[in-house]
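Shown next: model-v4.tsv, given as TSV, C-alpha atoms.
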chain	number	residue	atom	x	y	z
A	221	MET	CA	165.03	20.39	56.14
A	222	ALA	CA	165.69	16.98	54.60
A	223	THR	CA	168.91	15.16	55.18
A	224	LYS	CA	171.81	15.19	52.76
A	225	ALA	CA	172.92	11.82	51.43
A	226	PRO	CA	175.28	10.19	53.91
A	227	VAL	CA	178.91	9.51	53.11
A	228	PHE	CA	179.58	5.79	53.10
A	229	THR	CA	182.70	4.20	54.55
A	230	ALA	CA	185.14	1.71	53.08
A	231	GLU	CA	184.13	-0.66	55.87
A	232	GLN	CA	180.50	-0.58	54.69
A	233	PHE	CA	181.57	-1.44	51.15
A	234	GLU	CA	183.79	-4.25	52.50
A	235	ARG	CA	180.79	-5.65	54.36
A	236	LEU	CA	178.77	-5.42	51.13
A	237	ASP	CA	181.51	-7.32	49.28
A	238	GLY	CA	181.28	-10.05	51.92
A	239	ILE	CA	177.51	-10.30	51.52
A	240	ILE	CA	177.78	-10.48	47.74
A	241	GLU	CA	180.52	-13.10	47.96
A	242	LYS	CA	178.38	-15.21	50.30
A	243	TYR	CA	175.48	-15.23	47.81
A	244	LYS	CA	177.36	-14.94	44.51
A	245	GLU	CA	176.96	-18.60	43.51
A	246	VAL	CA	173.42	-18.96	44.87
A	247	LYS	CA	170.77	-18.85	42.17
A	248	GLY	CA	168.05	-16.25	42.87
A	249	SER	CA	170.06	-14.57	45.63
A	250	LEU	CA	169.31	-10.96	44.71
A	251	ILE	CA	166.74	-10.41	47.47
A	252	GLY	CA	169.13	-11.77	50.11
A	253	VAL	CA	171.90	-9.49	48.85
A	254	LEU	CA	169.55	-6.49	48.86
A	255	GLN	CA	168.43	-7.27	52.41
A	256	GLY	CA	172.02	-7.50	53.57
A	257	ALA	CA	172.98	-4.32	51.76
A	258	GLN	CA	170.09	-2.44	53.34
A	259	GLU	CA	171.18	-3.62	56.78
A	260	VAL	CA	174.65	-2.23	56.11
A	261	PHE	CA	173.67	1.10	54.52
A	262	GLY	CA	170.19	1.68	55.96
A	263	TYR	CA	168.73	1.93	52.45
A	264	LEU	CA	169.69	1.08	48.85
A	265	PRO	CA	171.39	4.11	47.28
A	266	PRO	CA	172.19	4.04	43.54
A	267	GLU	CA	175.91	3.34	44.01
A	268	VAL	CA	175.10	0.26	46.09
A	269	GLN	CA	172.63	-1.00	43.49
A	270	VAL	CA	175.22	-0.52	40.74
A	271	LYS	CA	177.85	-2.43	42.71
A	272	ILE	CA	175.41	-5.29	43.36
A	273	ALA	CA	174.50	-5.45	39.67
A	274	GLU	CA	178.13	-5.51	38.60
A	275	LYS	CA	179.26	-8.10	41.16
A	276	LEU	CA	176.28	-10.42	40.53
A	277	ASP	CA	176.54	-9.88	36.76
A	278	LEU	CA	172.94	-8.68	36.57
A	279	PRO	CA	171.43	-5.80	34.63
A	280	ILE	CA	171.03	-2.70	36.82
A	281	GLU	CA	167.38	-2.66	35.74
A	282	GLN	CA	166.81	-6.00	37.46
A	283	VAL	CA	168.38	-4.77	40.70
A	284	TYR	CA	166.38	-1.52	40.57
A	285	SER	CA	163.08	-3.19	39.68
A	286	THR	CA	163.48	-5.67	42.55
A	287	SER	CA	164.41	-2.84	44.93
A	288	THR	CA	161.30	-0.88	43.99
A	289	PHE	CA	158.87	-3.82	43.78
A	290	TYR	CA	159.18	-4.97	47.39
A	291	SER	CA	158.00	-2.54	50.07
A	292	GLN	CA	160.67	-3.76	52.50
A	293	PHE	CA	163.35	-1.94	50.49
A	294	PHE	CA	164.04	1.79	50.73
A	295	LEU	CA	165.68	3.94	48.08
A	296	THR	CA	166.04	6.94	50.36
A	297	PRO	CA	167.53	7.22	53.85
A	298	LYS	CA	165.20	6.40	56.73
A	299	GLY	CA	165.41	7.71	60.26
A	300	LYS	CA	165.86	5.86	63.49
A	301	TYR	CA	162.11	6.35	63.94
A	302	LYS	CA	160.15	5.46	60.80
A	303	ILE	CA	156.76	7.17	60.95
A	304	ASN	CA	154.09	5.73	58.66
A	305	ILE	CA	150.68	7.39	58.53
A	306	CYS	CA	147.95	5.08	57.25
A	307	MET	CA	146.23	6.64	54.25
A	308	GLY	CA	143.68	3.87	53.80
A	309	THR	CA	140.06	4.89	53.32
A	310	ALA	CA	138.95	4.77	56.98
A	311	CYS	CA	142.02	6.68	58.19
A	312	TYR	CA	141.90	9.20	55.38
A	313	VAL	CA	138.21	9.96	55.97
A	314	LYS	CA	138.92	10.47	59.68
A	315	GLY	CA	141.72	12.99	59.10
A	316	ALA	CA	144.96	11.12	58.32
A	317	GLY	CA	145.89	13.79	55.77
A	318	ALA	CA	145.88	16.46	58.46
A	319	VAL	CA	147.93	14.19	60.74
A	320	LEU	CA	150.51	13.68	57.99
A	321	ASP	CA	150.64	17.43	57.36
A	322	GLN	CA	151.13	18.15	61.07
A	323	PHE	CA	154.00	15.63	61.36
A	324	ALA	CA	155.59	17.23	58.30
A	325	ARG	CA	155.29	20.71	59.84
A	326	GLN	CA	156.65	19.68	63.23
A	327	LEU	CA	159.54	17.68	61.78
A	328	GLY	CA	160.32	20.19	59.04
A	329	ILE	CA	160.29	17.53	56.31
A	330	LYS	CA	158.00	16.33	53.54
A	331	PRO	CA	156.62	12.80	53.25
A	332	GLY	CA	159.34	10.55	51.87
A	333	GLU	CA	162.09	12.53	53.61
A	334	CYS	CA	164.25	12.09	56.67
A	335	THR	CA	165.24	14.73	59.21
A	336	GLU	CA	168.79	16.03	58.95
A	337	ASP	CA	169.75	14.37	62.25
A	338	MET	CA	168.53	11.00	60.86
A	339	MET	CA	166.12	10.57	63.78
A	340	PHE	CA	162.75	10.67	61.96
A	341	SER	CA	161.50	9.73	58.52
A	342	LEU	CA	157.93	10.30	57.40
A	343	ASP	CA	155.79	8.39	54.94
A	344	GLY	CA	152.20	7.69	54.10
A	345	CYS	CA	151.31	4.03	53.66
A	346	ARG	CA	148.50	1.79	52.52
A	347	CYS	CA	145.98	0.34	54.94
A	348	ILE	CA	147.66	-1.34	57.88
A	349	GLY	CA	144.54	-3.24	58.89
A	350	VAL	CA	143.43	-1.67	62.16
A	351	CYS	CA	140.62	0.47	60.83
A	352	GLY	CA	138.88	0.54	64.22
A	353	LEU	CA	141.76	2.74	65.45
A	354	ALA	CA	141.49	5.23	62.56
A	355	PRO	CA	143.32	7.45	62.05
A	356	VAL	CA	146.30	5.25	62.84
A	357	LEU	CA	150.05	5.44	62.40
A	358	THR	CA	153.08	3.37	63.20
A	359	ILE	CA	156.45	4.46	64.47
A	360	ASN	CA	158.73	1.51	63.88
A	361	GLU	CA	156.76	-1.32	65.52
A	362	ASP	CA	154.61	0.91	67.77
A	363	VAL	CA	150.99	1.43	66.72
A	364	HIS	CA	149.26	4.71	67.65
A	365	GLY	CA	145.52	4.80	67.11
A	366	LYS	CA	142.90	7.54	67.10
A	367	ILE	CA	145.63	10.13	66.55
A	368	TYR	CA	144.54	13.52	65.29
A	369	SER	CA	146.62	16.51	64.24
A	370	ASP	CA	146.41	18.01	67.76
A	371	ASP	CA	147.99	14.81	69.15
A	372	VAL	CA	151.16	14.88	67.03
A	373	ALA	CA	153.37	16.80	69.50
A	374	GLY	CA	152.40	14.37	72.26
A	375	VAL	CA	153.33	11.42	70.08
A	376	LEU	CA	156.70	12.87	69.09
A	377	VAL	CA	157.83	13.51	72.68
A	378	GLN	CA	157.65	9.74	73.27
A	379	TYR	CA	160.65	9.29	70.97
A	380	PRO	CA	163.93	10.78	72.21
A	381	LYS	CA	165.87	12.82	69.67
A	382	SER	CA	169.16	11.28	70.78
A	383	GLU	CA	170.45	8.37	72.78

Step by step, read the file and then write its structure as structure tokens.
Amino acid sequence: MATKAPVFTAEQFERLDGIIEKYKEVKGSLIGVLQGAQEVFGYLPPEVQVKIAEKLDLPIEQVYSTSTFYSQFFLTPKGKYKINICMGTACYVKGAGAVLDQFARQLGIKPGECTEDMMFSLDGCRCIGVCGLAPVLTINEDVHGKIYSDDVAGVLVQYPKSE
């Protein structure tokens, strides 16, 4: 089951105000504000984008289009462990689709979602450039190569579900 949207705190919005204030007079500061906001909230929910647009006196469309253009920004919550399955040609031909499906089954989420406990999020991604390891996936900064659907459980046990 996918996670429900988190409830944000007044302290998070105060931190956002500080970030906006720091960049408010800097021309072309939107990306810096978005990066800071994502650090505070973990992603860029609509209410955060609206606040940024209002405080920087920008159209919401500009904030949204920048948020969606750059792959570093997320519009949905992400887990502590961000799983990205490469869906490039070499990986796809060698079974990446089945690997993605198996992760989805074992985590109980669909691609693009996050587990309810906020530990894992699952996405497919473009080629990550290590085709010799196909099929390949990343979990945060860790690269796992030659992973097939039967290997998924063994990969997941390497990542503790709590601290």

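Among the candidate residues A:Gly349, A:Gly328, A:Gly315, A:Gly299, the one lying nearest to Tyr368 in chain A is A:Gly315, with distances computed using all atoms listed in the file.
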
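Of the residues listed (A:Val227, A:Ile305, A:Val253, A:Ala354), A:Ile305 shows the shortest atom-to-atom separation from Gly317 in chain A; distances use all atoms listed in the file.
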
Non-local contacts of Arg325 in chain A (12 Å; all atoms listed in the file; under 6 positions in same chain excluded) as a compact mmCIF listing (two decimals) with C-alpha atoms, keeping the file's coordinate frame:
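selection-v8.txt written:
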# COMPACT_ATOMS: atom_id res chain seq x y z
CA MET A 221 165.03 20.39 56.14
CA ALA A 318 145.88 16.46 58.46
CA VAL A 319 147.93 14.19 60.74
CA PRO A 331 156.62 12.80 53.25
CA THR A 335 165.24 14.73 59.21
CA LEU A 342 157.93 10.30 57.40
CA SER A 369 146.62 16.51 64.24
CA VAL A 372 151.16 14.88 67.03
CA ALA A 373 153.37 16.80 69.50

Seminar exercise, completed: Closest of A:Pro355, A:Gly256, A:Gly344, A:Pro297 to Val313 in chain A, counting all atoms listed in the file, is A:Pro355

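Taking CA of Gln258 in chain A and CA of Asp343 in chain A as the two end points, the separation is 18.0 Å.
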
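Rounded to one decimal, CA of Val270 in chain A and CA of Glu336 in chain A lie 25.4 Å from each other.
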
Where atoms are absent from range 321-334 of chain A, fill them in so it carries N, CA, C and O atoms, then output it as a PDB file, in the frame of the given file.
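Written output follows (out-v8.pdb):
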ATOM      1  N   ASP A 321     150.206  16.034  57.513  1.00  0.00           N
ATOM      2  CA  ASP A 321     150.640  17.430  57.360  1.00  0.00           C
ATOM      3  C   ASP A 321     151.234  17.983  58.660  1.00  0.00           C
ATOM      4  O   ASP A 321     152.233  18.704  58.640  1.00  0.00           O
ATOM      5  N   GLN A 322     150.640  17.646  59.782  1.00  0.00           N
ATOM      6  CA  GLN A 322     151.130  18.150  61.070  1.00  0.00           C
ATOM      7  C   GLN A 322     152.492  17.535  61.411  1.00  0.00           C
ATOM      8  O   GLN A 322     153.383  18.236  61.904  1.00  0.00           O
ATOM      9  N   PHE A 323     152.670  16.244  61.165  1.00  0.00           N
ATOM     10  CA  PHE A 323     154.000  15.630  61.360  1.00  0.00           C
ATOM     11  C   PHE A 323     155.017  16.327  60.480  1.00  0.00           C
ATOM     12  O   PHE A 323     156.121  16.642  60.926  1.00  0.00           O
ATOM     13  N   ALA A 324     154.666  16.568  59.233  1.00  0.00           N
ATOM     14  CA  ALA A 324     155.590  17.230  58.300  1.00  0.00           C
ATOM     15  C   ALA A 324     155.975  18.614  58.824  1.00  0.00           C
ATOM     16  O   ALA A 324     157.159  18.982  58.808  1.00  0.00           O
ATOM     17  N   ARG A 325     155.006  19.376  59.301  1.00  0.00           N
ATOM     18  CA  ARG A 325     155.290  20.710  59.840  1.00  0.00           C
ATOM     19  C   ARG A 325     156.201  20.629  61.062  1.00  0.00           C
ATOM     20  O   ARG A 325     157.186  21.358  61.168  1.00  0.00           O
ATOM     21  N   GLN A 326     155.870  19.749  61.988  1.00  0.00           N
ATOM     22  CA  GLN A 326     156.650  19.680  63.230  1.00  0.00           C
ATOM     23  C   GLN A 326     158.054  19.132  63.010  1.00  0.00           C
ATOM     24  O   GLN A 326     158.985  19.522  63.718  1.00  0.00           O
ATOM     25  N   LEU A 327     158.217  18.246  62.051  1.00  0.00           N
ATOM     26  CA  LEU A 327     159.540  17.680  61.780  1.00  0.00           C
ATOM     27  C   LEU A 327     160.339  18.495  60.767  1.00  0.00           C
ATOM     28  O   LEU A 327     161.546  18.318  60.636  1.00  0.00           O
ATOM     29  N   GLY A 328     159.646  19.368  60.041  1.00  0.00           N
ATOM     30  CA  GLY A 328     160.320  20.190  59.040  1.00  0.00           C
ATOM     31  C   GLY A 328     160.747  19.404  57.798  1.00  0.00           C
ATOM     32  O   GLY A 328     161.729  19.741  57.142  1.00  0.00           O
ATOM     33  N   ILE A 329     160.006  18.343  57.484  1.00  0.00           N
ATOM     34  CA  ILE A 329     160.290  17.530  56.310  1.00  0.00           C
ATOM     35  C   ILE A 329     158.998  17.246  55.556  1.00  0.00           C
ATOM     36  O   ILE A 329     157.909  17.453  56.085  1.00  0.00           O
ATOM     37  N   LYS A 330     159.143  16.759  54.336  1.00  0.00           N
ATOM     38  CA  LYS A 330     158.000  16.330  53.540  1.00  0.00           C
ATOM     39  C   LYS A 330     157.895  14.808  53.620  1.00  0.00           C
ATOM     40  O   LYS A 330     158.879  14.135  53.921  1.00  0.00           O
ATOM     41  N   PRO A 331     156.714  14.259  53.321  1.00  0.00           N
ATOM     42  CA  PRO A 331     156.620  12.800  53.250  1.00  0.00           C
ATOM     43  C   PRO A 331     157.657  12.255  52.273  1.00  0.00           C
ATOM     44  O   PRO A 331     157.907  12.832  51.218  1.00  0.00           O
ATOM     45  N   GLY A 332     158.283  11.149  52.672  1.00  0.00           N
ATOM     46  CA  GLY A 332     159.340  10.550  51.870  1.00  0.00           C
ATOM     47  C   GLY A 332     160.726  11.036  52.254  1.00  0.00           C
ATOM     48  O   GLY A 332     161.720  10.559  51.728  1.00  0.00           O
ATOM     49  N   GLU A 333     160.795  11.985  53.198  1.00  0.00           N
ATOM     50  CA  GLU A 333     162.090  12.530  53.610  1.00  0.00           C
ATOM     51  C   GLU A 333     162.456  12.082  55.016  1.00  0.00           C
ATOM     52  O   GLU A 333     161.644  11.513  55.738  1.00  0.00           O
ATOM     53  N   CYS A 334     163.689  12.414  55.364  1.00  0.00           N
ATOM     54  CA  CYS A 334     164.250  12.090  56.670  1.00  0.00           C
ATOM     55  C   CYS A 334     164.801  13.382  57.266  1.00  0.00           C
ATOM     56  O   CYS A 334     165.315  14.233  56.531  1.00  0.00           O
TER      57      CYS A 334
END
